[in-house]
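Student: Hey, dropping run.txt in here, compact mmCIF, C-alpha atoms (C1' of nucleotides):
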```txt
# COMPACT_ATOMS: atom_id res chain seq x y z
CA MET A 19 -64.02 286.86 173.36
CA GLY A 20 -64.43 283.43 171.87
CA ARG A 21 -62.21 280.44 172.29
CA PRO A 22 -58.55 281.34 171.74
CA LYS A 23 -56.48 279.69 168.99
CA ASN A 24 -54.23 277.03 170.39
CA PHE A 25 -51.62 277.37 167.66
CA GLU A 26 -49.59 280.15 166.15
CA PRO A 27 -50.62 280.70 162.50
CA ASP A 28 -47.12 281.87 161.62
CA VAL A 29 -45.60 278.72 163.01
CA VAL A 30 -48.09 276.60 161.10
CA VAL A 31 -47.28 278.45 157.89
CA ALA A 32 -43.59 277.76 158.48
CA GLN A 33 -44.25 274.07 159.03
CA ALA A 34 -46.46 273.96 155.97
CA MET A 35 -43.70 275.63 153.99
CA GLU A 36 -41.28 272.86 154.93
CA THR A 37 -43.77 270.22 153.88
CA PHE A 38 -44.60 271.83 150.56
CA TRP A 39 -40.91 272.39 149.96
CA THR A 40 -40.08 268.76 150.54
CA ASN A 41 -42.99 267.18 148.71
CA GLY A 42 -44.20 269.71 146.19
CA TYR A 43 -47.60 271.31 146.06
CA ALA A 44 -49.69 268.56 144.49
CA ALA A 45 -48.03 265.79 146.44
CA THR A 46 -48.83 267.42 149.78
CA SER A 47 -52.27 266.42 151.04
CA PRO A 48 -54.32 268.13 153.72
CA ALA A 49 -53.67 265.04 155.82
CA ASP A 50 -49.92 265.58 155.43
CA LEU A 51 -50.31 269.18 156.51
CA ALA A 52 -52.36 268.21 159.52
CA GLU A 53 -49.71 265.74 160.58
CA ALA A 54 -46.82 268.13 159.96
CA THR A 55 -48.42 270.96 161.89
CA GLY A 56 -50.19 269.00 164.59
CA VAL A 57 -53.38 270.90 163.78
CA ALA A 58 -56.52 269.10 162.68
CA LYS A 59 -57.59 269.42 159.05
CA GLY A 60 -60.77 271.24 159.98
CA SER A 61 -58.83 273.86 161.91
CA LEU A 62 -56.47 274.44 159.03
CA TYR A 63 -59.39 275.07 156.72
CA HIS A 64 -61.04 277.28 159.31
CA THR A 65 -57.93 279.43 159.56
CA PHE A 66 -56.51 279.40 156.05
CA GLY A 67 -59.48 278.74 153.80
CA SER A 68 -57.92 276.26 151.41
CA LYS A 69 -54.80 274.33 150.64
CA ARG A 70 -53.95 276.84 147.99
CA GLU A 71 -54.23 279.84 150.30
CA LEU A 72 -52.00 278.13 152.84
CA PHE A 73 -49.52 277.51 150.06
CA ASP A 74 -49.58 281.16 149.05
CA ARG A 75 -48.72 282.16 152.58
CA ALA A 76 -45.96 279.57 152.69
CA LEU A 77 -44.51 280.90 149.44
CA ASP A 78 -44.66 284.41 150.80
CA LEU A 79 -42.79 283.38 153.92
CA TYR A 80 -40.21 281.63 151.77
CA ASP A 81 -39.69 284.82 149.86
CA ARG A 82 -39.25 286.98 152.93
CA VAL A 83 -36.77 284.59 154.51
CA GLY A 84 -34.86 284.32 151.25
CA VAL A 85 -34.58 288.07 150.80
CA ALA A 86 -33.29 288.50 154.33
CA LEU A 87 -30.76 285.70 153.97
CA THR A 88 -29.51 287.01 150.64
CA ASP A 89 -29.12 290.44 152.08
CA GLU A 90 -27.19 289.14 155.03
CA ILE A 91 -24.74 287.20 152.87
CA LEU A 92 -24.23 289.89 150.26
CA SER A 93 -23.66 292.67 152.75
CA GLN A 94 -20.85 291.02 154.68
CA PRO A 95 -17.36 292.45 154.11
CA GLY A 96 -15.55 291.47 150.91
CA THR A 97 -15.53 292.16 147.19
CA ALA A 98 -18.67 291.76 145.12
CA LYS A 99 -17.27 288.66 143.51
CA ASP A 100 -16.39 287.07 146.82
CA ARG A 101 -19.77 287.85 148.34
CA ILE A 102 -21.64 286.54 145.34
CA ARG A 103 -19.52 283.43 145.38
CA ALA A 104 -20.41 282.99 149.04
CA TYR A 105 -24.07 283.43 148.12
CA LEU A 106 -23.95 280.78 145.40
CA LEU A 107 -22.01 278.36 147.56
CA PHE A 108 -24.42 278.90 150.41
CA ILE A 109 -27.32 277.93 148.17
CA VAL A 110 -25.55 274.87 146.85
CA ASP A 111 -24.32 273.68 150.20
CA SER A 112 -27.54 274.19 152.10
CA ASP A 113 -29.33 272.33 149.34
CA LEU A 114 -26.88 269.48 149.58
CA ALA A 115 -26.87 269.44 153.37
CA GLY A 116 -30.41 268.18 153.91
CA PRO A 117 -31.39 264.54 153.69
CA VAL A 118 -33.59 265.37 150.68
CA ARG A 119 -32.61 267.58 147.79
CA ARG A 120 -35.46 270.02 147.89
CA GLY A 121 -34.13 272.65 145.54
CA CYS A 122 -35.85 276.01 145.63
CA LEU A 123 -39.49 276.24 146.61
CA ALA A 124 -40.04 279.07 144.14
CA ALA A 125 -38.36 277.29 141.25
CA ASN A 126 -40.19 274.09 142.06
CA THR A 127 -43.43 276.02 142.05
CA ALA A 128 -42.56 277.69 138.78
CA LEU A 129 -42.10 274.36 137.11
CA GLU A 130 -45.00 272.63 138.82
CA LEU A 131 -47.65 275.33 138.50
CA GLY A 132 -46.08 277.80 136.08
CA GLY A 133 -47.87 278.18 132.80
CA ARG A 134 -51.16 276.79 134.02
CA ASP A 135 -51.47 278.85 137.17
CA GLU A 136 -51.35 282.55 136.41
CA ALA A 137 -51.09 283.73 139.99
CA ALA A 138 -48.29 281.35 140.86
CA THR A 139 -46.33 282.46 137.82
CA ARG A 140 -46.65 286.10 138.83
CA SER A 141 -45.49 285.38 142.38
CA VAL A 142 -42.49 283.49 141.20
CA ARG A 143 -41.56 286.16 138.71
CA ARG A 144 -41.83 288.85 141.31
CA MET A 145 -39.56 286.86 143.62
CA ALA A 146 -36.98 286.30 140.90
CA GLU A 147 -36.97 289.97 140.05
CA GLY A 148 -36.38 290.76 143.70
CA SER A 149 -33.32 288.53 143.80
CA ILE A 150 -32.03 290.02 140.57
CA ASP A 151 -32.32 293.48 142.06
CA GLN A 152 -30.39 292.43 145.13
CA LEU A 153 -27.60 290.98 143.00
CA ALA A 154 -27.50 293.97 140.67
CA ALA A 155 -27.28 296.33 143.62
CA ARG A 156 -24.35 294.40 145.04
CA ILE A 157 -22.53 294.47 141.69
CA GLU A 158 -23.09 298.21 141.37
CA ARG A 159 -21.71 298.67 144.84
CA GLY A 160 -18.68 296.66 143.71
CA GLN A 161 -18.23 299.09 140.84
CA ARG A 162 -18.36 302.04 143.21
CA ASP A 163 -15.91 300.25 145.52
CA GLY A 164 -13.65 299.61 142.56
CA ASP A 165 -13.62 295.82 142.77
CA VAL A 166 -15.78 295.31 139.68
CA ALA A 167 -14.89 296.67 136.24
CA ALA A 168 -16.94 299.71 135.28
CA ASP A 169 -17.95 298.30 131.90
CA VAL A 170 -19.80 295.34 133.42
CA ASP A 171 -23.57 295.51 132.83
CA ALA A 172 -24.80 294.97 136.37
CA GLN A 173 -28.37 294.22 135.42
CA ALA A 174 -27.35 291.69 132.75
CA GLN A 175 -24.90 290.03 135.11
CA ALA A 176 -27.51 289.85 137.82
CA ARG A 177 -30.03 288.21 135.50
CA PHE A 178 -27.40 285.81 134.36
CA LEU A 179 -26.53 284.93 137.95
CA MET A 180 -30.19 284.39 138.76
CA ASN A 181 -30.32 282.02 135.83
CA THR A 182 -27.28 280.21 137.19
CA VAL A 183 -28.88 279.89 140.61
CA LEU A 184 -31.99 278.36 139.12
CA GLY A 185 -29.87 275.98 137.10
CA LEU A 186 -27.94 274.97 140.20
CA ARG A 187 -31.13 274.16 142.05
CA VAL A 188 -32.15 271.82 139.29
CA MET A 189 -28.68 270.33 138.99
CA ALA A 190 -28.60 269.75 142.73
CA LYS A 191 -31.33 267.17 142.31
CA ALA A 192 -28.98 264.89 140.45
CA PHE A 193 -25.37 266.02 140.78
CA ASP A 194 -22.99 266.22 143.71
CA ALA A 195 -21.03 269.00 145.35
CA GLU A 196 -17.92 268.76 143.20
CA VAL A 197 -19.78 269.42 139.96
CA LEU A 198 -21.87 272.20 141.45
CA HIS A 199 -18.87 274.00 142.92
CA GLU A 200 -17.15 273.85 139.57
CA VAL A 201 -20.21 275.42 137.95
CA VAL A 202 -20.14 278.21 140.50
CA ASP A 203 -16.52 278.97 139.70
CA THR A 204 -17.14 278.96 135.99
CA ALA A 205 -20.15 281.22 136.33
CA LEU A 206 -18.16 283.82 138.23
CA HIS A 207 -15.63 284.37 135.46
CA GLY A 208 -17.60 287.28 134.04
CA ILE A 209 -17.43 289.52 137.08
CA MET B 30 -52.70 235.22 115.40
CA GLY B 31 -54.95 237.13 117.74
CA ARG B 32 -56.58 240.47 117.16
CA PRO B 33 -54.15 243.04 115.79
CA LYS B 34 -53.40 246.27 117.64
CA ASN B 35 -55.22 249.17 116.11
CA PHE B 36 -52.72 251.79 117.25
CA GLU B 37 -49.00 252.25 116.94
CA PRO B 38 -47.37 252.07 120.40
CA ASP B 39 -44.64 254.48 119.33
CA VAL B 40 -47.20 257.04 118.28
CA VAL B 41 -49.05 256.66 121.56
CA VAL B 42 -45.82 257.14 123.48
CA ALA B 43 -45.18 260.32 121.52
CA GLN B 44 -48.66 261.63 122.28
CA ALA B 45 -48.27 260.68 125.92
CA MET B 46 -44.96 262.52 125.99
CA GLU B 47 -46.65 265.71 124.82
CA THR B 48 -49.30 265.37 127.48
CA PHE B 49 -46.86 264.70 130.30
CA TRP B 50 -44.68 267.52 129.06
CA THR B 51 -47.54 269.99 129.10
CA ASN B 52 -49.16 268.95 132.36
CA GLY B 53 -46.49 267.26 134.43
CA TYR B 54 -46.48 263.70 135.64
CA ALA B 55 -48.84 263.88 138.60
CA ALA B 56 -51.27 266.22 136.89
CA THR B 57 -51.76 263.85 133.96
CA SER B 58 -54.47 261.30 134.66
CA PRO B 59 -55.09 258.03 132.84
CA ALA B 60 -58.24 259.65 131.51
CA ASP B 61 -56.17 262.51 130.06
CA LEU B 62 -53.88 260.02 128.38
CA ALA B 63 -56.82 258.11 126.93
CA GLU B 64 -58.22 261.31 125.50
CA ALA B 65 -54.89 262.51 124.13
CA THR B 66 -54.08 259.23 122.44
CA GLY B 67 -57.56 258.15 121.42
CA VAL B 68 -56.92 254.79 123.05
CA ALA B 69 -59.12 253.52 125.87
CA LYS B 70 -57.68 253.37 129.38
CA GLY B 71 -57.90 249.60 129.47
CA SER B 72 -55.87 249.29 126.31
CA LEU B 73 -53.21 251.61 127.61
CA TYR B 74 -52.85 249.51 130.72
CA HIS B 75 -52.86 246.35 128.65
CA THR B 76 -50.02 247.62 126.50
CA PHE B 77 -47.93 249.67 128.90
CA GLY B 78 -48.62 248.20 132.31
CA SER B 79 -48.95 251.39 134.31
CA LYS B 80 -48.93 255.13 134.08
CA ARG B 81 -45.40 255.14 135.34
CA GLU B 82 -44.10 252.72 132.71
CA LEU B 83 -45.72 254.79 129.98
CA PHE B 84 -44.01 257.82 131.44
CA ASP B 85 -40.66 256.06 131.42
CA ARG B 86 -41.06 255.31 127.74
CA ALA B 87 -42.11 258.90 127.08
CA LEU B 88 -39.03 260.18 128.90
CA ASP B 89 -36.87 257.83 126.91
CA LEU B 90 -38.32 259.10 123.66
CA TYR B 91 -37.78 262.67 124.82
CA ASP B 92 -34.15 261.86 125.44
CA ARG B 93 -33.58 260.27 122.04
CA VAL B 94 -35.22 263.15 120.20
CA GLY B 95 -33.25 265.67 122.25
CA VAL B 96 -29.93 263.99 121.56
CA ALA B 97 -30.62 263.90 117.83
CA LEU B 98 -31.72 267.53 117.75
CA THR B 99 -28.72 268.69 119.74
CA ASP B 100 -26.41 266.79 117.46
CA GLU B 101 -27.98 268.29 114.40
CA ILE B 102 -27.64 271.84 115.66
CA LEU B 103 -24.11 271.47 117.00
CA SER B 104 -22.74 269.80 113.89
CA GLN B 105 -23.80 272.47 111.43
CA PRO B 106 -21.02 274.65 110.02
CA GLY B 107 -19.67 277.46 112.23
CA THR B 108 -17.47 278.04 115.25
CA ALA B 109 -18.14 276.24 118.50
CA LYS B 110 -19.36 279.46 120.07
CA ASP B 111 -21.76 280.18 117.24
CA ARG B 112 -23.13 276.66 117.21
CA ILE B 113 -23.61 276.61 120.96
CA ARG B 114 -25.29 279.97 120.78
CA ALA B 115 -27.61 278.58 118.13
CA TYR B 116 -28.31 275.63 120.41
CA LEU B 117 -29.18 277.84 123.37
CA LEU B 118 -31.31 280.13 121.27
CA PHE B 119 -33.10 277.18 119.74
CA ILE B 120 -34.05 275.93 123.19
CA VAL B 121 -35.21 279.33 124.33
CA ASP B 122 -37.18 280.12 121.21
CA SER B 123 -38.88 276.77 120.85
CA ASP B 124 -39.85 277.02 124.49
CA LEU B 125 -41.29 280.47 123.95
CA ALA B 126 -43.01 279.54 120.70
CA GLY B 127 -45.66 277.23 122.12
CA PRO B 128 -48.88 278.46 123.69
CA VAL B 129 -47.75 276.98 127.01
CA ARG B 130 -44.27 277.33 128.49
CA ARG B 131 -43.52 273.70 129.03
CA GLY B 132 -39.83 273.95 129.79
CA CYS B 133 -37.84 270.75 129.63
CA LEU B 134 -39.54 267.46 130.34
CA ALA B 135 -36.41 266.13 131.98
CA ALA B 136 -35.90 269.15 134.19
CA ASN B 137 -39.56 269.19 135.10
CA THR B 138 -39.28 265.55 136.04
CA ALA B 139 -36.14 266.18 138.04
CA LEU B 140 -37.91 268.77 140.14
CA GLU B 141 -41.21 266.93 140.40
CA LEU B 142 -39.96 263.43 141.14
CA GLY B 143 -36.27 263.96 141.89
CA GLY B 144 -35.25 263.18 145.43
CA ARG B 145 -38.19 260.94 146.17
CA ASP B 146 -38.04 258.81 143.06
CA GLU B 147 -34.67 257.11 142.73
CA ALA B 148 -35.18 255.76 139.22
CA ALA B 149 -36.38 259.08 137.85
CA THR B 150 -33.37 260.84 139.32
CA ARG B 151 -31.01 258.37 137.69
CA SER B 152 -32.70 258.78 134.29
CA VAL B 153 -32.51 262.53 134.45
CA ARG B 154 -28.91 262.48 135.54
CA ARG B 155 -27.98 260.17 132.71
CA MET B 156 -29.71 262.46 130.24
CA ALA B 157 -27.95 265.53 131.59
CA GLU B 158 -24.59 263.78 131.39
CA GLY B 159 -25.32 262.90 127.78
CA SER B 160 -25.97 266.55 126.92
CA ILE B 161 -22.84 267.59 128.75
CA ASP B 162 -20.80 265.13 126.73
CA GLN B 163 -22.25 266.47 123.49
CA LEU B 164 -21.38 270.02 124.48
CA ALA B 165 -17.90 269.08 125.67
CA ALA B 166 -17.21 267.25 122.42
CA ARG B 167 -18.23 270.29 120.43
CA ILE B 168 -15.97 272.56 122.47
CA GLU B 169 -13.05 270.18 122.06
CA ARG B 170 -13.66 270.16 118.34
CA GLY B 171 -13.56 273.96 118.48
CA GLN B 172 -10.19 273.74 120.16
CA ARG B 173 -8.89 271.46 117.41
CA ASP B 174 -10.38 273.80 114.80
CA GLY B 175 -8.68 276.71 116.51
CA ASP B 176 -11.80 278.72 117.28
CA VAL B 177 -11.73 278.04 121.03
CA ALA B 178 -8.76 278.92 123.25
CA ALA B 179 -6.72 275.87 124.20
CA ASP B 180 -6.78 276.68 127.91
CA VAL B 181 -10.55 276.39 128.19
CA ASP B 182 -11.64 273.42 130.30
CA ALA B 183 -14.12 271.82 127.93
CA GLN B 184 -15.75 269.61 130.53
CA ALA B 185 -16.20 272.45 133.01
CA GLN B 186 -17.60 274.74 130.33
CA ALA B 187 -19.98 272.03 129.19
CA ARG B 188 -21.27 271.46 132.70
CA PHE B 189 -21.65 275.16 133.14
CA LEU B 190 -23.60 275.43 129.88
CA MET B 191 -25.84 272.57 130.94
CA ASN B 192 -26.51 274.47 134.11
CA THR B 193 -27.35 277.54 132.06
CA VAL B 194 -29.76 275.55 129.90
CA LEU B 195 -31.58 274.25 132.96
CA GLY B 196 -31.76 277.76 134.35
CA LEU B 197 -33.17 279.05 131.09
CA ARG B 198 -35.90 276.45 131.09
CA VAL B 199 -36.97 277.58 134.52
CA MET B 200 -36.67 281.26 133.64
CA ALA B 201 -38.75 280.67 130.52
CA LYS B 202 -41.72 279.97 132.76
CA ALA B 203 -41.82 283.56 133.88
CA PHE B 204 -39.62 285.78 131.73
CA ASP B 205 -39.79 286.85 128.11
CA ALA B 206 -37.49 286.52 125.12
CA GLU B 207 -35.50 289.67 125.68
CA VAL B 208 -34.28 288.65 129.11
CA LEU B 209 -33.53 285.10 128.04
CA HIS B 210 -31.54 286.19 125.00
CA GLU B 211 -29.49 288.49 127.16
CA VAL B 212 -28.74 285.62 129.50
CA VAL B 213 -27.59 283.51 126.56
CA ASP B 214 -25.18 286.22 125.47
CA THR B 215 -23.80 286.69 128.95
CA ALA B 216 -23.32 282.95 129.40
CA LEU B 217 -21.27 282.67 126.23
CA HIS B 218 -18.61 285.13 127.37
CA GLY B 219 -16.43 282.33 128.73
CA ILE B 220 -15.91 280.48 125.46
C1' DC C 17 -66.23 227.48 109.28
C1' DG C 18 -65.16 227.36 114.03
C1' DC C 19 -61.39 227.53 117.23
C1' DG C 20 -57.61 229.67 119.85
C1' DT C 21 -55.28 233.76 120.65
C1' DA C 22 -54.59 238.59 121.32
C1' DT C 23 -56.65 242.95 121.69
C1' DT C 24 -60.37 246.46 122.87
C1' DT C 25 -63.54 248.63 125.73
C1' DG C 26 -66.49 250.72 129.10
C1' DA C 27 -68.04 249.46 133.49
C1' DC C 28 -66.61 248.77 137.96
C1' DC C 29 -63.73 248.91 142.19
C1' DT C 30 -60.85 250.86 145.75
C1' DT C 31 -58.50 254.46 147.66
C1' DG C 32 -57.42 258.91 148.98
C1' DA C 33 -57.69 263.95 147.99
C1' DG C 34 -59.87 268.24 149.18
C1' DT C 35 -63.49 270.11 151.56
C1' DT C 36 -67.61 270.87 154.62
C1' DC C 37 -69.98 270.53 158.82
C1' DA C 38 -72.33 269.60 163.18
C1' DA C 39 -71.24 269.05 167.67
C1' DG C 40 -68.35 270.13 171.49
C1' DA C 41 -64.90 273.12 174.16
C1' DA C 42 -62.90 277.39 176.02
C1' DA C 43 -62.81 282.06 176.61
C1' DG C 44 -65.30 286.95 178.10
C1' DG C 45 -69.37 289.58 179.29
C1' DA C 46 -74.12 290.42 181.49
C1' DT D 9 -74.33 281.34 186.00
C1' DC D 10 -75.68 281.31 181.38
C1' DC D 11 -74.97 283.20 176.85
C1' DT D 12 -72.42 284.51 172.95
C1' DT D 13 -68.58 284.09 170.32
C1' DT D 14 -64.74 281.87 168.41
C1' DC D 15 -62.16 278.01 167.85
C1' DT D 16 -61.39 272.60 167.52
C1' DT D 17 -62.16 268.24 165.82
C1' DG D 18 -63.20 263.92 163.68
C1' DA D 19 -66.76 262.18 160.85
C1' DA D 20 -68.77 262.41 156.56
C1' DC D 21 -69.21 263.78 151.78
C1' DT D 22 -68.04 264.19 146.86
C1' DC D 23 -65.23 263.41 143.26
C1' DA D 24 -61.66 261.68 140.59
C1' DA D 25 -57.36 259.05 140.25
C1' DG D 26 -55.27 254.73 139.17
C1' DG D 27 -56.12 250.31 138.06
C1' DT D 28 -58.78 245.67 137.09
C1' DC D 29 -61.91 242.75 134.59
C1' DA D 30 -65.28 240.21 131.94
C1' DA D 31 -67.38 240.46 127.82
C1' DA D 32 -67.04 241.60 123.04
C1' DT D 33 -64.20 241.84 118.84
C1' DA D 34 -60.94 240.65 115.08
C1' DC D 35 -57.40 238.09 113.20
C1' DG D 36 -54.72 233.32 111.49
C1' DC D 37 -55.03 228.58 111.06
C1' DG D 38 -56.57 223.69 110.58
```
Can you present the structure in this file as C-alpha cells?

Tutor:
Amino acid sequence: MGRPKNFEPDVVVAQAMETFWTNGYAATSPADLAEATGVAKGSLYHTFGSKRELFDRALDLYDRVGVALTDEILSQPGTAKDRIRAYLLFIVDSDLAGPVRRGCLAANTALELGGRDEAATRSVRRMAEGSIDQLAARIERGQRDGDVAADVDAQAQARFLMNTVLGLRVMAKAFDAEVLHEVVDTALHGI
Amino acid sequence: MGRPKNFEPDVVVAQAMETFWTNGYAATSPADLAEATGVAKGSLYHTFGSKRELFDRALDLYDRVGVALTDEILSQPGTAKDRIRAYLLFIVDSDLAGPVRRGCLAANTALELGGRDEAATRSVRRMAEGSIDQLAARIERGQRDGDVAADVDAQAQARFLMNTVLGLRVMAKAFDAEVLHEVVDTALHGI
DNA sequence: CGCGTATTTGACCTTGAGTTCAAGAAAGGA
DNA sequence: TCCTTTCTTGAACTCAAGGTCAAATACGCG
C-alpha cells in the first residue's frame, strides 16, 4: 500500500558515503547529496530524517565494508607480517589511487567532529577498537603458527599498527607513495 | 598619522589560532573570531583581508611555535631515544591536558582542507618536512654521540616517527593516556 | 585649531545551508 | 472507481556565514 520508493535506501547511503568521504561532513550540503544520489532533497529528509542521520548510516556502512575488507586481506595465506604488510599497502595504495586523497572517513570524522560531537567520537572509537581486535587476532594466529615471536605483545602491536594506519592516512594527504611505503616497512620491524 | 590600531595583530593572530585549533577552519565563523579576539568583524577584515588569510597567519604562527618547542625538547641533555620519547610524550600529554582534544592544527587542516585546497596542502607538507628534518638531525646526532646504532636510517626513522605523531594526534581524539603511552613505547623500539 | 589620514564599528547585504511543507503522483483495497 | 496510504518534489522559509561600507573616531602635522 502507498506509493513505492523509487530508490534503494542502501544505494543512496553508499552514494552519500562517497560524497561525505570526499568532501567531509560540514562541506557536504543537502544539495550536494541530492545531486550525488539523484534523489530530491525532500525525499532524502523524508527517508533519513536529517543530514546527520544520513551521515551516521554512511559511517556505519563504511565500518562494515572496512571490517570485511580487512578480514579478507588478513586471512589470505601467508605469515602475519606479510599479511599485515599487504593490509597496510592496500590502504596506502587505494588511498593514492583515487583522483582525490580522501584518507579514512572515520579518521576524518574523528578530527572534524571528535571532541565536540560525543556520539561521533564514540562511533569512531568503536570502529578503531574493532580494527585493533582484527589485527591482534591475526598476530596471535601468527604466534600459534610460529611465524611471530611468542614474546610479542599482540594487543600492543595491534594498537601501534592502528596508530600507524591513522598516521598514514594523514600523511597520504601530502606525501607520495615512496615515502608512505618506506613508513610501512619501518613500522613492520617490530613484528 | 592616522588613528592608531588599538590591538596587537600578533596577539589577535594567536587568539585566532586557538579558536581555529579548537573548532576547525570551517566551523569558526567571523563572529566567533570577533568574540575570541575582542576585535570587531570589520576591523578584522580591514587588517587581515579575509578569514582565510587570518587562518594562514595562524597556521604560520603554529608552525613557528611548534618548531621552537620541538627544538627545545630535542636539544635537552639525554640520548636521542630519551629525547624523542620526551617529545612524543609531550605531544600526547599536552593534547590530553586540555578540556578539548584539539589534536594538531596542521594535521586537522590537512584532513579538513587537504586535497581540495592546494595551498593548505603545501603548507602542511612543508611543516611536516620541517619536523622530519628536526627528528632526523637529532637521530644523526645520536649516531655521532654513539647512542644510536650506525646502521639506522635516520631519514626513514624520522619519517616513521612523524607518521607516529600524526597517528597519535588522531588517536588522542578517542583514546586515553594509557593506550597512547603504550603506542609511544612500541614506536620507539626501532631506535 | 582644523585638516588629512588611518582605524573602528555596527549595520547591512548577499548567498547558501539545513529544513519544512503543501501539493501532486503511484500503488493497493473496498 | 474512488479512497487511503505512502512516497516525491520543488518551492519556500529561517538563519547564519562571510564580507562590505559609510559614518564615527583618534592621532600627527602645519

Student: Can you list, as a PDB file with C-alpha atoms (C1' of nucleotides), keeping the file's coordinate frame, every protein, DNA or RNA residue that comes within 12 Å of DC28 of chain C when you count only C-alpha atoms (C1' of nucleotides), leaving out same-chain residues fewer than 4 positions away?

Tutor:
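result_13.pdb, freshly written:
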```
ATOM      1  C1'  DG D  27     -56.120 250.310 138.060  1.00  0.00           C
ATOM      2  C1'  DT D  28     -58.780 245.670 137.090  1.00  0.00           C
ATOM      3  C1'  DC D  29     -61.910 242.750 134.590  1.00  0.00           C
ATOM      4  C1'  DA D  30     -65.280 240.210 131.940  1.00  0.00           C
TER       5       DA D  30
END
```

Student: Per residue of chain B within 8 Å of chain A, record the nearest atom pair and its distance in Å to one decimal, counting all atoms listed in the file, with rows in chain order and ascending residue number, as JSON lines.

Tutor:
```
{"residue": "B:Gly53", "atom": "CA", "partner": "A:Glu130", "partner_atom": "CA", "distance": 7.1}
{"residue": "B:Ala55", "atom": "CA", "partner": "A:Ala44", "partner_atom": "CA", "distance": 7.6}
{"residue": "B:Val129", "atom": "CA", "partner": "A:Gly133", "partner_atom": "CA", "distance": 5.9}
{"residue": "B:Arg130", "atom": "CA", "partner": "A:Gly133", "partner_atom": "CA", "distance": 5.7}
{"residue": "B:Arg131", "atom": "CA", "partner": "A:Gly133", "partner_atom": "CA", "distance": 7.3}
{"residue": "B:Gly132", "atom": "CA", "partner": "A:Leu129", "partner_atom": "CA", "distance": 7.7}
{"residue": "B:Ala136", "atom": "CA", "partner": "A:Val188", "partner_atom": "CA", "distance": 6.9}
{"residue": "B:Asn137", "atom": "CA", "partner": "A:Leu129", "partner_atom": "CA", "distance": 6.1}
{"residue": "B:Ala139", "atom": "CA", "partner": "A:Lys191", "partner_atom": "CA", "distance": 6.5}
{"residue": "B:Leu140", "atom": "CA", "partner": "A:Asn126", "partner_atom": "CA", "distance": 6.1}
{"residue": "B:Glu141", "atom": "CA", "partner": "A:Glu130", "partner_atom": "CA", "distance": 7.0}
{"residue": "B:Gly143", "atom": "CA", "partner": "A:Lys191", "partner_atom": "CA", "distance": 5.9}
{"residue": "B:Gly144", "atom": "CA", "partner": "A:Arg119", "partner_atom": "CA", "distance": 5.6}
{"residue": "B:Arg145", "atom": "CA", "partner": "A:Val118", "partner_atom": "CA", "distance": 7.8}
{"residue": "B:Thr150", "atom": "CA", "partner": "A:Ala192", "partner_atom": "CA", "distance": 6.1}
{"residue": "B:Arg151", "atom": "CA", "partner": "A:Ala192", "partner_atom": "CA", "distance": 7.4}
{"residue": "B:Val153", "atom": "CA", "partner": "A:Ala192", "partner_atom": "CA", "distance": 7.4}
{"residue": "B:Arg154", "atom": "CA", "partner": "A:Ala192", "partner_atom": "CA", "distance": 5.5}
{"residue": "B:Ala185", "atom": "CA", "partner": "A:Glu200", "partner_atom": "CA", "distance": 6.8}
{"residue": "B:Gln186", "atom": "CA", "partner": "A:Thr204", "partner_atom": "CA", "distance": 7.1}
{"residue": "B:Arg188", "atom": "CA", "partner": "A:Val201", "partner_atom": "CA", "distance": 6.7}
{"residue": "B:Phe189", "atom": "CA", "partner": "A:Val201", "partner_atom": "CA", "distance": 5.0}
{"residue": "B:Asn192", "atom": "CA", "partner": "A:Gly185", "partner_atom": "CA", "distance": 4.7}
{"residue": "B:Thr193", "atom": "CA", "partner": "A:Thr182", "partner_atom": "CA", "distance": 5.8}
{"residue": "B:Val194", "atom": "CA", "partner": "A:Gly185", "partner_atom": "CA", "distance": 7.2}
{"residue": "B:Leu195", "atom": "CA", "partner": "A:Gly185", "partner_atom": "CA", "distance": 4.8}
{"residue": "B:Gly196", "atom": "CA", "partner": "A:Gly185", "partner_atom": "CA", "distance": 3.8}
{"residue": "B:Leu197", "atom": "CA", "partner": "A:Asn181", "partner_atom": "CA", "distance": 6.3}
{"residue": "B:Val199", "atom": "CA", "partner": "A:Leu129", "partner_atom": "CA", "distance": 6.6}
{"residue": "B:Met200", "atom": "CA", "partner": "A:Asn181", "partner_atom": "CA", "distance": 6.8}
{"residue": "B:Lys202", "atom": "CA", "partner": "A:Gly132", "partner_atom": "CA", "distance": 5.9}
{"residue": "B:Ala203", "atom": "CA", "partner": "A:Arg143", "partner_atom": "CA", "distance": 5.5}
{"residue": "B:Phe204", "atom": "CA", "partner": "A:Arg143", "partner_atom": "CA", "distance": 7.3}
{"residue": "B:Val208", "atom": "CA", "partner": "A:Arg177", "partner_atom": "CA", "distance": 7.7}
{"residue": "B:Glu211", "atom": "CA", "partner": "A:Ala174", "partner_atom": "CA", "distance": 6.8}
{"residue": "B:Val212", "atom": "CA", "partner": "A:Phe178", "partner_atom": "CA", "distance": 5.0}
{"residue": "B:Thr215", "atom": "CA", "partner": "A:Phe178", "partner_atom": "CA", "distance": 6.6}
{"residue": "B:Ala216", "atom": "CA", "partner": "A:Phe178", "partner_atom": "CA", "distance": 7.0}
{"residue": "B:His218", "atom": "CA", "partner": "A:Gly208", "partner_atom": "CA", "distance": 7.1}
{"residue": "B:Gly219", "atom": "CA", "partner": "A:His207", "partner_atom": "CA", "distance": 7.1}
```

Student: Report the distance between atom CA of Ala76 of chain A and atom CA of Trp39 of chain A in Å, rounded to one decimal place.

Tutor: 9.2 Å

Student: Can you measure atom CA of Ala97 of chain B to atom CA of Tyr116 of chain B for me? One decimal in Å is fine.

Tutor: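 According to the coordinates, atom CA of Ala97 of chain B and atom CA of Tyr116 of chain B are separated by 12.2 Å.
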
Student: Per residue of chain B within 12 Å of chain C, what are the shortest atom pair and its distance in Å to one decimal, counting all atoms listed in the file, with rows by chain and residue number, as a tab-separated table?

Tutor:
```
residue	atom	partner	partner_atom	distance
B:Met30	CA	C:DT21	C1'	6.0
B:Gly31	CA	C:DA22	C1'	3.9
B:Arg32	CA	C:DA22	C1'	5.0
B:Pro33	CA	C:DT23	C1'	6.4
B:Lys34	CA	C:DT23	C1'	6.2
B:Asn35	CA	C:DT23	C1'	8.5
B:Phe36	CA	C:DT23	C1'	10.6
B:Ala63	CA	C:DT25	C1'	11.7
B:Val68	CA	C:DT24	C1'	9.0
B:Ala69	CA	C:DT25	C1'	6.6
B:Lys70	CA	C:DT25	C1'	8.4
B:Gly71	CA	C:DT25	C1'	6.8
B:Ser72	CA	C:DT24	C1'	6.3
B:Leu73	CA	C:DT24	C1'	10.0
B:Tyr74	CA	C:DT24	C1'	11.3
B:His75	CA	C:DT23	C1'	8.6
B:Thr76	CA	C:DT23	C1'	9.4
```
